[in-house]
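A short write-up of the structure that comes next.
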Amino acid sequence: MEFLTVEEVAKILKMHTNTVYKMCREGGLPAVKIGKEWRIGASRFAQFLEGGTGAGSTNSGDGILQDIFRGGHVLGVFTEKEDIPAFELSFFSAAPKKNYLLFKACWWQHPDDIRGYFSRGGLPVEELEASGSLVITDLSKAFCSSGAVSAAEKWLDAAKEALSRGYRGLIGSGSPHFECCGSHPALMEFEDALDKGLQGLPVTGVCSYHMDCSVADSFARLADLVSRHDRLFIRTPGRWVAARDVRTTSF
């Protein structure tokens, strides 16, 4: 059997080698450890590229996904930024298939990079976009041109459009970061507008944040974010912490 090295796979997937190592360790790639080195079977990797295996998908996050699909506005906190795209792929792949519009909001991610990543993971992006069942939009561009409230309205417009077209509702994910709106007050303005707008709508929405401790007052910022969401889950290397209701939680 022919094997590929981590470096070769990283070049093919256009990822950092650390990300590929993580995918090997957590079962996201069809890999085996030979001595101290990871090797990826060439034939099984070809199946992975064709959609046979979801990148980064592990059974450990199944309970989190089931809870998220209860609906509402959910905050996901990731200690590793590289885990966010893999989670979003798993989220959309596991989304209920019956008549929901899928909405992916990009901040630091480029829409074309997301399209490529999702496609390699097995999500039929081209087909979904062509049918209008998947919308991928750049919210950082909307914010820069029109402000925080306008960026939040992109979510709300997508939800209302879904209902007007006969969908049961919206399943969406965005990936902001602590400084994506230029200032913490602007970010809170965005989250306030989004949270208030989503209330009462048939929407399952996740805001996936990287817990960047290098940002000043990062934990105070996190507390502010928690207060603007219905539930919270945390992802650390090799571990998921179950989602919890936070609306009545005091900080």
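In the structure tokens, each chain is lettered A, B, ... as it comes, each chain's residues begin at 1, and ligands are numbered from 1 in order of appearance.
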Report as a tab-separated table the residues of stretch 63-92 of chain A within 10 Å of stretch 175-196 of chain A, each with its shortest atom pair and distance in Å (one decimal), using only C-alpha atoms, ordered by chain and increasing residue number.
```
residue	atom	partner	partner_atom	distance
A:Gly72	CA	A:Asp195	CA	9.2
A:His73	CA	A:Asp195	CA	6.9
A:Val74	CA	A:Asp195	CA	9.8
A:Gly76	CA	A:Ser175	CA	9.2
A:Lys81	CA	A:His177	CA	9.7
A:Ile84	CA	A:Ser175	CA	7.6
A:Pro85	CA	A:Ser175	CA	8.8
A:Glu88	CA	A:Ser175	CA	9.0
```
Checklist entry - Excluding same-chain residues fewer than 2 positions from A:Pro30, what lies within 7 Å of it counting only C-alpha atoms, as a ChimeraX atom specification? => result /A:27-28,40-41,44-45
Go ahead and dump the residues you just picked, C-alpha atoms, as a PDB file, in the first residue's frame.
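Written file, selection-v5.pdb:
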```pdb
ATOM      1  CA  GLY A  27      -9.488  10.518  13.305  1.00  0.00           C
ATOM      2  CA  GLY A  28     -10.350  13.129  10.707  1.00  0.00           C
ATOM      3  CA  ILE A  40      -1.929   8.463   5.293  1.00  0.00           C
ATOM      4  CA  GLY A  41      -2.984   5.661   2.930  1.00  0.00           C
ATOM      5  CA  ARG A  44      -8.173   5.976   1.331  1.00  0.00           C
ATOM      6  CA  PHE A  45      -7.034   9.579   1.104  1.00  0.00           C
TER       7      PHE A  45
END
```
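When only C-alpha atoms are used to compute distances to A:His229, the closest of the residues A:Glu2, A:Glu80, A:Asp112, A:Asp245 turns out to be A:Asp245.
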Item to check | Shortest interatomic distance to A:Gly116 - which of A:Leu101, A:Ala151, A:Ala158, A:Met15, counting only C-alpha atoms | outcome: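 Nearest candidate to A:Gly116 out of A:Leu101, A:Ala151, A:Ala158, A:Met15: A:Met15.
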Checklist entry - Which residue, A:Leu123, A:Ile64, A:Val241, A:Leu102, has the smallest gap to A:Leu89 when you use only C-alpha atoms? => result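 Smallest separation from A:Leu89 among the options: A:Leu123.
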Determine, counting only C-alpha atoms, which protein, DNA and RNA residues have an atom within 12 Å of an atom of A:Ala142; residues of the same chain fewer than 3 positions away are not included. Present the result as an mmCIF file with C-alpha atoms, in the first residue's frame.
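Ended up saving to around25.cif:
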```
data_model
loop_
_atom_site.group_PDB
_atom_site.id
_atom_site.type_symbol
_atom_site.label_atom_id
_atom_site.label_comp_id
_atom_site.auth_asym_id
_atom_site.auth_seq_id
_atom_site.Cartn_x
_atom_site.Cartn_y
_atom_site.Cartn_z
ATOM 1 C CA ALA A 105 -21.200 33.692 7.419
ATOM 2 C CA CYS A 106 -17.477 34.360 6.889
ATOM 3 C CA TRP A 107 -15.377 36.849 8.848
ATOM 4 C CA THR A 137 -21.465 35.308 2.471
ATOM 5 C CA ASP A 138 -18.636 37.584 3.617
ATOM 6 C CA LEU A 139 -19.889 39.416 6.713
ATOM 7 C CA SER A 145 -19.221 48.924 4.211
ATOM 8 C CA SER A 146 -22.350 49.369 6.339
ATOM 9 C CA GLY A 147 -21.628 48.650 10.013
ATOM 10 C CA ALA A 148 -22.430 46.073 12.690
ATOM 11 C CA VAL A 149 -26.219 46.180 12.459
ATOM 12 C CA SER A 150 -26.090 45.760 8.677
ATOM 13 C CA ALA A 151 -23.886 42.675 9.106
ATOM 14 C CA ALA A 152 -26.392 41.179 11.558
ATOM 15 C CA GLU A 153 -29.210 41.886 9.129
ATOM 16 C CA LYS A 154 -27.529 39.574 6.592
ATOM 17 C CA TRP A 155 -28.386 36.716 8.966
ATOM 18 C CA CYS A 180 -13.433 41.371 13.952
ATOM 19 C CA CYS A 181 -15.560 44.533 14.249
ATOM 20 C CA PHE A 190 -23.422 43.160 16.122
#
```
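One distance worth recording is that between atom CA of A:Ala46 and atom CA of A:Ile114, which is 19.7 Å.
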Next on the checklist: If DSSP is run on the backbone, what residues of stretch 8-158 of chain A are alpha helix (DSSP H)? A reply as a VMD selection string would be ideal.
Outcome noted: chain A and resid 8 to 13 17 to 26 42 to 49 62 to 68 83 to 94 111 to 120 125 to 131 139 to 146 148 to 158
Checklist entry - Could you work out how far atom CA of A:Ala159 lies from atom CA of A:Val203, giving the answer in Å with one decimal? => result 7.1 Å
Next on the checklist: DSSP on the backbone, strand (DSSP E) only: what residues of stretch 157-241 of chain A does that give? Format it as a list in words.
Outcome noted: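 Strand (DSSP E) members of stretch 157-241 of chain A, listed: Gly169, Leu170, Ile171, Gly172, Ser173, Gly174, Val203, Thr204, Gly205, Val206, Cys207, Ser208, Tyr209, His210, Arg231, Leu232, Phe233, Ile234, Arg235, Thr236, Arg239, Trp240 and Val241 of chain A.
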Checklist entry - Residues at most 10 Å from A:Gly166, counting only C-alpha atoms, excluding those fewer than 3 positions away in the same chain, as a PyMOL selection string? => result chain A and resi 99-101+161-163+169
